[in-house]
Amino acid sequence: MGISFDTIPSNVAASAVFVEQKPEKRTTAGMVIPQKILVLGTVNAGFTPVFNVPEKITSIADAYSKYGRGSLLARMIEKAINNAGGVDVYALPVEEADGATAAEAEITVDSAATSAGTLALYVGGHRVAVAVKKGDTVSTIASAISTAINANVDLPVTATVSSDTVTLTAKCKGTAGNMKVEKDLSSGDVNMEPTGAALSLANLTGGATDPAIDTALENLGDDFFTVIACPWNDATTTTALKEAGDNRAAPGVKKPFVAVVGFTGTYAEYIAYLADLNCQWLSVIPVEGASSPISEIASAYAGEIGNSADKDPARPIKTLPLKGIVGGTAVNWIYAQKDAVVKLGGCWTKRDASGVVIIGDCITTYKRNALSIEDAKDTYRYVTTILKMQAKIYSLDILFSSDPFDRAIIISDGQVSSKRYAISPSTVKAFLVQLVDSLWIANAWSKDRDAVVSGIQVEIDPANSSRINCYVPDVMSAELAIVGVQYAWSFTSAE
């Protein structure tokens with residue numbers, strides 16, 4: 001095969017040195033998928049972003065300015081950024097549903113203060129400190145609580161006061177505003193309390209009617225969003241995520257995502273919730289009894305997935321902390337409970353000695369194939385399976401969208417040509433082998449290299465001479481989940 005040039009003429013005669021430069025892809029560095037975290041949510045009243053269209057967020061302050069401080073979307077983006085380790089975060093603002101209602105709660109001051117101190121209140125896990133003086137009346141304390149809440153613009157609520165009662169109203173409408181109202185969650189809070197100033201607390205309730213997200217998900221376009229955080233976990237929302245995941249994984253789109261939602265109910269409630277879910281694109285992260293709302297749990301989880309996958313999509317995400325999530329006081333699940341949850345398509349978390357929420361197994365909700373046969377353990381059980389799939393699909397897409405394939409012509413095997421863009425089936429196979437060796441095997445995304453390479457098949461489509469068909473029998477590497485050790489002991493040595 002001769003060497004061809006694009007710009008050096010072949011008919012020159014005078015002495016000269018010609019140097020034609022042309023960039024060639026010699027490494028697979030540009031084939032590593034860039035992680036993009038997408039966060040869905042609503043905005044504060046009076047803010048008018050372009051709804052249902054993704055937008056890159058440059059900082060937490062950027063989210064504040066675009067969606068409002070304390071808004072559902074801004075709070076979620078803050079959690080995502082704080083867990084993402086520099087991975088790009090995008091916002092997908094959606095409009096509140098017609099007829100949606102905002103959650104409300106009342107805080108009642110039952111008695112006056114007999115000593116000075118600080119009340120430590122928590123709304124959805126967000127702390128607000130209220131200074132109280134000795135002798136403050138119930139109405140004075142109530143007014144101080146209202147003032148402190150409204151002064152903290154990053155809280156998810158606003159407050160009004162009437163006599164001894166403070167009314168909290170969620171800034172977002174819908175179920176995402178149904179949050180816990182608590183006090184004294186951090187170490188030392190109780191010691192700072194003023195004596196006498198007793199409070200009656202109630203959680204925010206009444207938030208109802210969440211927006212449909214179908215249109216927003218249809219507008220993802222050609223961007224490859226690898227992880228999507230959603231603040232709602234109802235059946236309508238999870239169905240929309242499943243349908244969008246199926247559409248994004250289609251051969252013509254080839255951009256599958258991992259969608260995540262949160263859960264804060266009891267173990268029994270989680271088991272019941274998982275029963276109706278069966279989707280390889282969806283992962284539900286539970287933090288039983290958490291003070292933080294499910295919206296912020298989901299976005300923190302999405303941040304950790306993106307952060308881990310950016311470093312290595314094959315490495316398990318477990319043991320990583322959910323930074324900024326207030327976990328509550330629920331007891332950690334025993335092994336039998338964790339095992340049952342994983343088999344039902346659920347994740348699990350635990351609290352360490354200092355109360356930090358730690359991710360356990362990261363599992364998709366997929367359990368059954370199209371014939372209702374249980375096969376998750378052999379296919380889509382782990383979130384990392386989807387992450388590795390994303391990485392490989394992306395690398396194949398980049399390979400065949402780049403030189404020499406972007407303007408190639410097809411020739412038969414054995415045919416000699418001086419044109420490097422003259423591609424035969426054997427040439428395509430050589431590129432695929434190089435991709436497998438230098439990226440998939442080298443990064444431990446795949447195993448059994450010889451079996452993969454020997455099984456690669458490439459042919460010109462018999463019915464369409466402008467089409468090349470490829471078969472790549474990948475052997476996916478698996479994450480380490482279980483170690484079995486037989487410990488045999490005796491008081492005497494073996495004879």
# chains A, B, ... in the order shown; residues from 1 in each chain; ligands from 1
>>> residues_around(residues="Leu204 in chain A", least_positions_apart="4", cutoff="12 Å", atoms="only C-alpha atoms", output="JSON, numbers by chain")
{"A": [101, 102, 103, 104, 105, 106, 107, 122, 123, 124, 156, 157, 158, 167, 168, 169, 170, 171, 172, 173, 174, 175, 176, 177, 178, 179, 180, 181, 182, 208, 293]}
>>> write_last_selection(atoms="C-alpha atoms", output="PDB file, in the first residue's frame")
ATOM      1  CA  THR A 101     -50.065  23.252  46.506  1.00  0.00           C
ATOM      2  CA  ALA A 102     -47.264  24.247  48.841  1.00  0.00           C
ATOM      3  CA  ALA A 103     -46.629  22.343  52.053  1.00  0.00           C
ATOM      4  CA  GLU A 104     -47.124  24.156  55.367  1.00  0.00           C
ATOM      5  CA  ALA A 105     -46.357  23.603  59.026  1.00  0.00           C
ATOM      6  CA  GLU A 106     -46.799  25.409  62.335  1.00  0.00           C
ATOM      7  CA  ILE A 107     -44.314  25.961  65.122  1.00  0.00           C
ATOM      8  CA  TYR A 122     -33.901  22.263  61.365  1.00  0.00           C
ATOM      9  CA  VAL A 123     -36.084  22.448  58.266  1.00  0.00           C
ATOM     10  CA  GLY A 124     -35.392  19.611  55.854  1.00  0.00           C
ATOM     11  CA  PRO A 156     -36.489  25.949  51.681  1.00  0.00           C
ATOM     12  CA  VAL A 157     -39.298  27.837  53.479  1.00  0.00           C
ATOM     13  CA  THR A 158     -40.596  31.277  54.341  1.00  0.00           C
ATOM     14  CA  THR A 167     -46.381  29.303  59.970  1.00  0.00           C
ATOM     15  CA  LEU A 168     -43.857  27.829  57.559  1.00  0.00           C
ATOM     16  CA  THR A 169     -44.582  27.645  53.831  1.00  0.00           C
ATOM     17  CA  ALA A 170     -42.410  25.695  51.411  1.00  0.00           C
ATOM     18  CA  LYS A 171     -40.884  27.737  48.607  1.00  0.00           C
ATOM     19  CA  CYS A 172     -41.637  24.940  46.153  1.00  0.00           C
ATOM     20  CA  LYS A 173     -45.065  23.524  45.428  1.00  0.00           C
ATOM     21  CA  GLY A 174     -45.701  19.798  45.259  1.00  0.00           C
ATOM     22  CA  THR A 175     -44.546  16.862  47.334  1.00  0.00           C
ATOM     23  CA  ALA A 176     -40.917  18.032  47.426  1.00  0.00           C
ATOM     24  CA  GLY A 177     -42.005  20.590  50.016  1.00  0.00           C
ATOM     25  CA  ASN A 178     -43.161  17.927  52.483  1.00  0.00           C
ATOM     26  CA  MET A 179     -40.138  18.064  54.800  1.00  0.00           C
ATOM     27  CA  LYS A 180     -39.265  17.438  58.422  1.00  0.00           C
ATOM     28  CA  VAL A 181     -39.193  20.234  61.004  1.00  0.00           C
ATOM     29  CA  GLU A 182     -36.972  19.277  63.952  1.00  0.00           C
ATOM     30  CA  ALA A 208     -49.234  18.005  46.380  1.00  0.00           C
ATOM     31  CA  PRO A 293     -35.487  15.492  51.841  1.00  0.00           C
TER      32      PRO A 293
END
>>> closest_residue(among="A:Ser186, A:Ser477, A:Ser402, A:Ser59", to="Gly355 in chain A", atoms="only C-alpha atoms")
A:Ser186
>>> select_by_dssp(residues="range 155-385 of chain A", states="alpha helix (DSSP H)", output="ChimeraX atom specification")
/A:214-218,235-248,267-274,294-311,335-343,383-385
>>> closest_residue(among="A:Val453, A:Leu435, A:Leu344, A:Leu387", to="Glu374 in chain A", atoms="only C-alpha atoms")
A:Leu344
>>> closest_atom_pairs(of="range 381-412 of chain A", to="range 281-289 of chain A", cutoff="12 Å", atoms="only C-alpha atoms", output="JSON lines")
{"residue": "A:Arg381", "atom": "CA", "partner": "A:Ser283", "partner_atom": "CA", "distance": 9.9}
{"residue": "A:Tyr382", "atom": "CA", "partner": "A:Ser283", "partner_atom": "CA", "distance": 9.2}
{"residue": "A:Val383", "atom": "CA", "partner": "A:Ser283", "partner_atom": "CA", "distance": 7.4}
{"residue": "A:Thr384", "atom": "CA", "partner": "A:Ser283", "partner_atom": "CA", "distance": 11.1}
{"residue": "A:Thr385", "atom": "CA", "partner": "A:Trp281", "partner_atom": "CA", "distance": 10.4}
{"residue": "A:Ile386", "atom": "CA", "partner": "A:Trp281", "partner_atom": "CA", "distance": 7.6}
{"residue": "A:Leu387", "atom": "CA", "partner": "A:Trp281", "partner_atom": "CA", "distance": 10.3}
{"residue": "A:Met389", "atom": "CA", "partner": "A:Trp281", "partner_atom": "CA", "distance": 11.5}
{"residue": "A:Gln390", "atom": "CA", "partner": "A:Trp281", "partner_atom": "CA", "distance": 11.3}
>>> residues_around(residues="Pro425 in chain A", least_positions_apart="3", cutoff="6 Å", atoms="only C-alpha atoms", output="list of chain:residue names")
A:Val428, A:Val458, A:Glu459
>>> write_last_selection(atoms="N, CA, C and O atoms", output="PDB file, in the first residue's frame")
ATOM      1  N   VAL A 428     -11.396  -2.404   9.790  1.00  0.00           N
ATOM      2  CA  VAL A 428     -12.306  -2.064  10.885  1.00  0.00           C
ATOM      3  C   VAL A 428     -12.027  -2.945  12.096  1.00  0.00           C
ATOM      4  O   VAL A 428     -11.984  -2.460  13.238  1.00  0.00           O
ATOM      5  N   VAL A 458     -16.528  -8.597  11.514  1.00  0.00           N
ATOM      6  CA  VAL A 458     -16.846  -7.409  10.715  1.00  0.00           C
ATOM      7  C   VAL A 458     -17.141  -7.857   9.290  1.00  0.00           C
ATOM      8  O   VAL A 458     -16.390  -8.682   8.726  1.00  0.00           O
ATOM      9  N   GLU A 459     -18.208  -7.351   8.724  1.00  0.00           N
ATOM     10  CA  GLU A 459     -18.559  -7.714   7.355  1.00  0.00           C
ATOM     11  C   GLU A 459     -19.263  -6.562   6.660  1.00  0.00           C
ATOM     12  O   GLU A 459     -19.836  -5.672   7.314  1.00  0.00           O
TER      13      GLU A 459
END
>>> atom_distance(atom1="CA of Ser395 in chain A", atom2="CA of Met31 in chain A")
4.8 Å
>>> residues_around(residues="Lys242 in chain A", least_positions_apart="4", cutoff="7 Å", atoms="only C-alpha atoms", output="ChimeraX atom specification")
/A:238,246,279,281
>>> atom_distance(atom1="CA of Ala144 in chain A", atom2="CA of Gly207 in chain A")
25.6 Å
>>> residues_around(residues="Asn233 in chain A", least_positions_apart="2", cutoff="10 Å", atoms="only C-alpha atoms", output="list in words")
Thr175, Ala176, Cys230, Pro231, Ala235, Thr236, Thr237, Thr238, Thr239, Val260, Val261, Gly262, Phe263, Tyr273, Val284, Ile294, Ser295 and Ala298 of chain A
>>> write_last_selection(atoms="all heavy atoms", output="short mmCIF file (atom, residue, chain, number, x, y, z; two decimals), in the first residue's frame")
data_model
loop_
_atom_site.label_atom_id
_atom_site.label_comp_id
_atom_site.auth_asym_id
_atom_site.auth_seq_id
_atom_site.Cartn_x
_atom_site.Cartn_y
_atom_site.Cartn_z
N THR A 175 -44.95 17.74 46.23
CA THR A 175 -44.55 16.86 47.33
C THR A 175 -43.12 17.12 47.82
O THR A 175 -42.78 16.72 48.94
CB THR A 175 -44.66 15.39 46.91
OG1 THR A 175 -43.81 15.15 45.78
CG2 THR A 175 -46.09 15.04 46.53
N ALA A 176 -42.29 17.76 47.00
CA ALA A 176 -40.92 18.03 47.43
C ALA A 176 -40.87 18.98 48.61
O ALA A 176 -39.84 19.08 49.29
CB ALA A 176 -40.11 18.60 46.27
N CYS A 230 -33.49 13.27 40.12
CA CYS A 230 -34.89 13.69 40.07
C CYS A 230 -35.42 13.84 41.50
O CYS A 230 -35.20 12.96 42.34
CB CYS A 230 -35.72 12.66 39.30
SG CYS A 230 -37.44 13.16 39.05
N PRO A 231 -36.14 14.92 41.79
CA PRO A 231 -36.60 15.15 43.17
C PRO A 231 -37.86 14.40 43.56
O PRO A 231 -38.23 14.41 44.73
CB PRO A 231 -36.86 16.67 43.19
CG PRO A 231 -37.24 16.99 41.78
CD PRO A 231 -36.41 16.08 40.92
N ALA A 235 -44.88 7.01 41.10
CA ALA A 235 -44.95 6.07 39.99
C ALA A 235 -44.97 6.77 38.64
O ALA A 235 -44.36 6.29 37.67
CB ALA A 235 -46.18 5.18 40.14
N THR A 236 -45.65 7.91 38.55
CA THR A 236 -45.69 8.63 37.28
C THR A 236 -44.29 9.09 36.87
O THR A 236 -43.89 8.98 35.70
CB THR A 236 -46.64 9.84 37.38
OG1 THR A 236 -47.95 9.39 37.70
CG2 THR A 236 -46.68 10.62 36.07
N THR A 237 -43.54 9.58 37.84
CA THR A 237 -42.19 10.06 37.56
C THR A 237 -41.26 8.93 37.20
O THR A 237 -40.50 9.02 36.23
CB THR A 237 -41.64 10.82 38.78
OG1 THR A 237 -42.47 11.95 39.04
CG2 THR A 237 -40.21 11.28 38.54
N THR A 238 -41.29 7.83 37.94
CA THR A 238 -40.38 6.72 37.65
C THR A 238 -40.72 6.06 36.30
O THR A 238 -39.83 5.59 35.59
CB THR A 238 -40.39 5.67 38.77
OG1 THR A 238 -41.73 5.21 39.00
CG2 THR A 238 -39.82 6.25 40.06
N THR A 239 -41.99 6.06 35.94
CA THR A 239 -42.38 5.55 34.62
C THR A 239 -41.81 6.43 33.51
O THR A 239 -41.30 5.94 32.50
CB THR A 239 -43.90 5.46 34.50
OG1 THR A 239 -44.41 4.53 35.46
CG2 THR A 239 -44.32 5.00 33.10
N VAL A 260 -31.57 8.75 39.21
CA VAL A 260 -31.59 8.44 40.64
C VAL A 260 -32.68 9.24 41.34
O VAL A 260 -32.93 10.40 41.01
CB VAL A 260 -30.23 8.72 41.31
CG1 VAL A 260 -29.16 7.85 40.68
CG2 VAL A 260 -29.82 10.17 41.19
N VAL A 261 -33.35 8.58 42.28
CA VAL A 261 -34.31 9.24 43.17
C VAL A 261 -34.00 8.81 44.59
O VAL A 261 -33.29 7.83 44.82
CB VAL A 261 -35.78 8.88 42.81
CG1 VAL A 261 -36.13 9.34 41.40
CG2 VAL A 261 -36.02 7.37 42.95
N GLY A 262 -34.53 9.56 45.55
CA GLY A 262 -34.29 9.27 46.96
C GLY A 262 -35.47 8.63 47.63
O GLY A 262 -36.60 8.61 47.11
N PHE A 263 -35.23 8.12 48.84
CA PHE A 263 -36.29 7.49 49.64
C PHE A 263 -35.92 7.63 51.11
O PHE A 263 -34.77 7.39 51.49
CB PHE A 263 -36.43 6.01 49.28
CG PHE A 263 -37.69 5.37 49.76
CD1 PHE A 263 -38.83 5.38 48.98
CD2 PHE A 263 -37.74 4.76 51.01
CE1 PHE A 263 -40.00 4.79 49.42
CE2 PHE A 263 -38.91 4.17 51.47
CZ PHE A 263 -40.05 4.18 50.68
N TYR A 273 -42.09 -0.45 48.14
CA TYR A 273 -41.89 0.50 47.04
C TYR A 273 -41.13 -0.15 45.88
O TYR A 273 -41.47 0.04 44.71
CB TYR A 273 -41.12 1.71 47.57
CG TYR A 273 -40.75 2.74 46.53
CD1 TYR A 273 -41.69 3.62 46.02
CD2 TYR A 273 -39.45 2.83 46.06
CE1 TYR A 273 -41.35 4.57 45.07
CE2 TYR A 273 -39.09 3.78 45.11
CZ TYR A 273 -40.04 4.64 44.62
OH TYR A 273 -39.70 5.58 43.68
N VAL A 284 -32.61 3.75 43.22
CA VAL A 284 -33.28 4.43 44.33
C VAL A 284 -32.39 4.35 45.57
O VAL A 284 -32.09 3.25 46.05
CB VAL A 284 -34.65 3.79 44.63
CG1 VAL A 284 -35.36 4.58 45.73
CG2 VAL A 284 -35.51 3.73 43.37
N ILE A 294 -35.84 13.83 50.11
CA ILE A 294 -35.42 12.89 49.07
C ILE A 294 -34.80 13.61 47.88
O ILE A 294 -33.95 13.05 47.19
CB ILE A 294 -36.59 12.00 48.61
CG1 ILE A 294 -37.71 12.83 47.98
CG2 ILE A 294 -37.11 11.17 49.76
CD1 ILE A 294 -38.79 11.97 47.33
N SER A 295 -35.20 14.85 47.63
CA SER A 295 -34.64 15.60 46.51
C SER A 295 -33.15 15.82 46.68
O SER A 295 -32.35 15.63 45.74
CB SER A 295 -35.36 16.94 46.37
OG SER A 295 -35.28 17.68 47.58
N ALA A 298 -31.14 12.51 46.48
CA ALA A 298 -30.94 12.09 45.09
C ALA A 298 -29.81 12.87 44.42
O ALA A 298 -28.97 12.29 43.72
CB ALA A 298 -32.24 12.26 44.31
#
>>> residues_around(residues="Leu217 in chain A", least_positions_apart="6", cutoff="8 Å", atoms="only C-alpha atoms", output="PyMOL selection string")
chain A and resi 52+241+244
>>> select_by_dssp(residues="range 310-399 of chain A", states="strand (DSSP E or B)", output="list in words")
Pro321, Thr349, Lys350, Arg351, Val357, Ile358, Ile359, Ile363, Arg368, Glu374 and Tyr382 of chain A
>>> atom_distance(atom1="CA of Val166 in chain A", atom2="CA of Leu72 in chain A")
21.8 Å
>>> residues_around(residues="Ala112 in chain A", least_positions_apart="5", cutoff="9 Å", atoms="only C-alpha atoms", output="mmCIF file with all heavy atoms, in the first residue's frame")
data_model
loop_
_atom_site.group_PDB
_atom_site.id
_atom_site.type_symbol
_atom_site.label_atom_id
_atom_site.label_comp_id
_atom_site.auth_asym_id
_atom_site.auth_seq_id
_atom_site.Cartn_x
_atom_site.Cartn_y
_atom_site.Cartn_z
ATOM 1 N N LYS A 134 -33.361 35.838 78.196
ATOM 2 C CA LYS A 134 -34.107 35.511 79.404
ATOM 3 C C LYS A 134 -35.322 36.418 79.515
ATOM 4 O O LYS A 134 -35.238 37.630 79.321
ATOM 5 C CB LYS A 134 -33.213 35.689 80.631
ATOM 6 C CG LYS A 134 -33.903 35.379 81.953
ATOM 7 C CD LYS A 134 -32.957 35.553 83.114
ATOM 8 C CE LYS A 134 -33.656 35.250 84.440
ATOM 9 N NZ LYS A 134 -32.732 35.408 85.598
ATOM 10 N N GLY A 135 -36.473 35.818 79.775
ATOM 11 C CA GLY A 135 -37.698 36.589 79.928
ATOM 12 C C GLY A 135 -38.464 36.817 78.650
ATOM 13 O O GLY A 135 -39.562 37.396 78.686
ATOM 14 N N ASP A 136 -37.919 36.383 77.501
ATOM 15 C CA ASP A 136 -38.658 36.540 76.251
ATOM 16 C C ASP A 136 -39.998 35.820 76.344
ATOM 17 O O ASP A 136 -40.079 34.656 76.767
ATOM 18 C CB ASP A 136 -37.862 35.974 75.070
ATOM 19 C CG ASP A 136 -36.830 36.950 74.551
ATOM 20 O OD1 ASP A 136 -36.809 38.104 75.005
ATOM 21 O OD2 ASP A 136 -36.026 36.543 73.671
ATOM 22 N N THR A 137 -41.059 36.517 75.923
ATOM 23 C CA THR A 137 -42.400 35.934 75.945
ATOM 24 C C THR A 137 -42.588 34.990 74.759
ATOM 25 O O THR A 137 -41.767 34.938 73.842
ATOM 26 C CB THR A 137 -43.460 37.035 75.883
ATOM 27 O OG1 THR A 137 -43.346 37.710 74.624
ATOM 28 C CG2 THR A 137 -43.266 38.045 77.013
ATOM 29 N N VAL A 138 -43.709 34.284 74.758
ATOM 30 C CA VAL A 138 -43.976 33.349 73.671
ATOM 31 C C VAL A 138 -44.079 34.086 72.338
ATOM 32 O O VAL A 138 -43.604 33.597 71.305
ATOM 33 C CB VAL A 138 -45.243 32.515 73.947
ATOM 34 C CG1 VAL A 138 -45.008 31.574 75.127
ATOM 35 C CG2 VAL A 138 -46.457 33.392 74.183
ATOM 36 N N SER A 139 -44.693 35.254 72.325
ATOM 37 C CA SER A 139 -44.826 36.000 71.080
ATOM 38 C C SER A 139 -43.475 36.563 70.625
ATOM 39 O O SER A 139 -43.192 36.620 69.423
ATOM 40 C CB SER A 139 -45.850 37.125 71.224
ATOM 41 O OG SER A 139 -45.468 38.021 72.253
ATOM 42 N N THR A 140 -42.639 36.953 71.593
ATOM 43 C CA THR A 140 -41.304 37.457 71.241
ATOM 44 C C THR A 140 -40.459 36.343 70.633
ATOM 45 O O THR A 140 -39.751 36.544 69.632
ATOM 46 C CB THR A 140 -40.603 38.025 72.485
ATOM 47 O OG1 THR A 140 -41.389 39.098 73.009
ATOM 48 C CG2 THR A 140 -39.222 38.547 72.130
ATOM 49 N N ILE A 141 -40.536 35.167 71.232
ATOM 50 C CA ILE A 141 -39.772 34.027 70.701
ATOM 51 C C ILE A 141 -40.288 33.630 69.317
ATOM 52 O O ILE A 141 -39.504 33.372 68.400
ATOM 53 C CB ILE A 141 -39.844 32.836 71.673
ATOM 54 C CG1 ILE A 141 -39.188 33.196 73.011
ATOM 55 C CG2 ILE A 141 -39.170 31.596 71.069
ATOM 56 C CD1 ILE A 141 -39.394 32.163 74.098
ATOM 57 N N THR A 195 -33.714 27.683 78.757
ATOM 58 C CA THR A 195 -34.680 26.940 79.558
ATOM 59 C C THR A 195 -36.040 27.613 79.476
ATOM 60 O O THR A 195 -36.164 28.821 79.258
ATOM 61 C CB THR A 195 -34.244 26.872 81.028
ATOM 62 O OG1 THR A 195 -34.079 28.205 81.539
ATOM 63 C CG2 THR A 195 -32.933 26.112 81.168
ATOM 64 N N GLY A 196 -37.072 26.798 79.625
ATOM 65 C CA GLY A 196 -38.432 27.331 79.653
ATOM 66 C C GLY A 196 -39.078 27.480 78.298
ATOM 67 O O GLY A 196 -40.304 27.365 78.186
ATOM 68 N N ALA A 197 -38.307 27.737 77.259
ATOM 69 C CA ALA A 197 -38.877 28.043 75.939
ATOM 70 C C ALA A 197 -39.228 26.748 75.208
ATOM 71 O O ALA A 197 -38.488 26.281 74.336
ATOM 72 C CB ALA A 197 -37.898 28.869 75.117
ATOM 73 N N ALA A 198 -40.370 26.171 75.546
ATOM 74 C CA ALA A 198 -40.795 24.911 74.936
ATOM 75 C C ALA A 198 -41.500 25.180 73.603
ATOM 76 O O ALA A 198 -42.233 26.165 73.459
ATOM 77 C CB ALA A 198 -41.725 24.162 75.878
#
>>> closest_residue(among="A:Ile468, A:Val50, A:Ala302, A:Val128", to="Asn82 in chain A", atoms="only C-alpha atoms")
A:Ala302
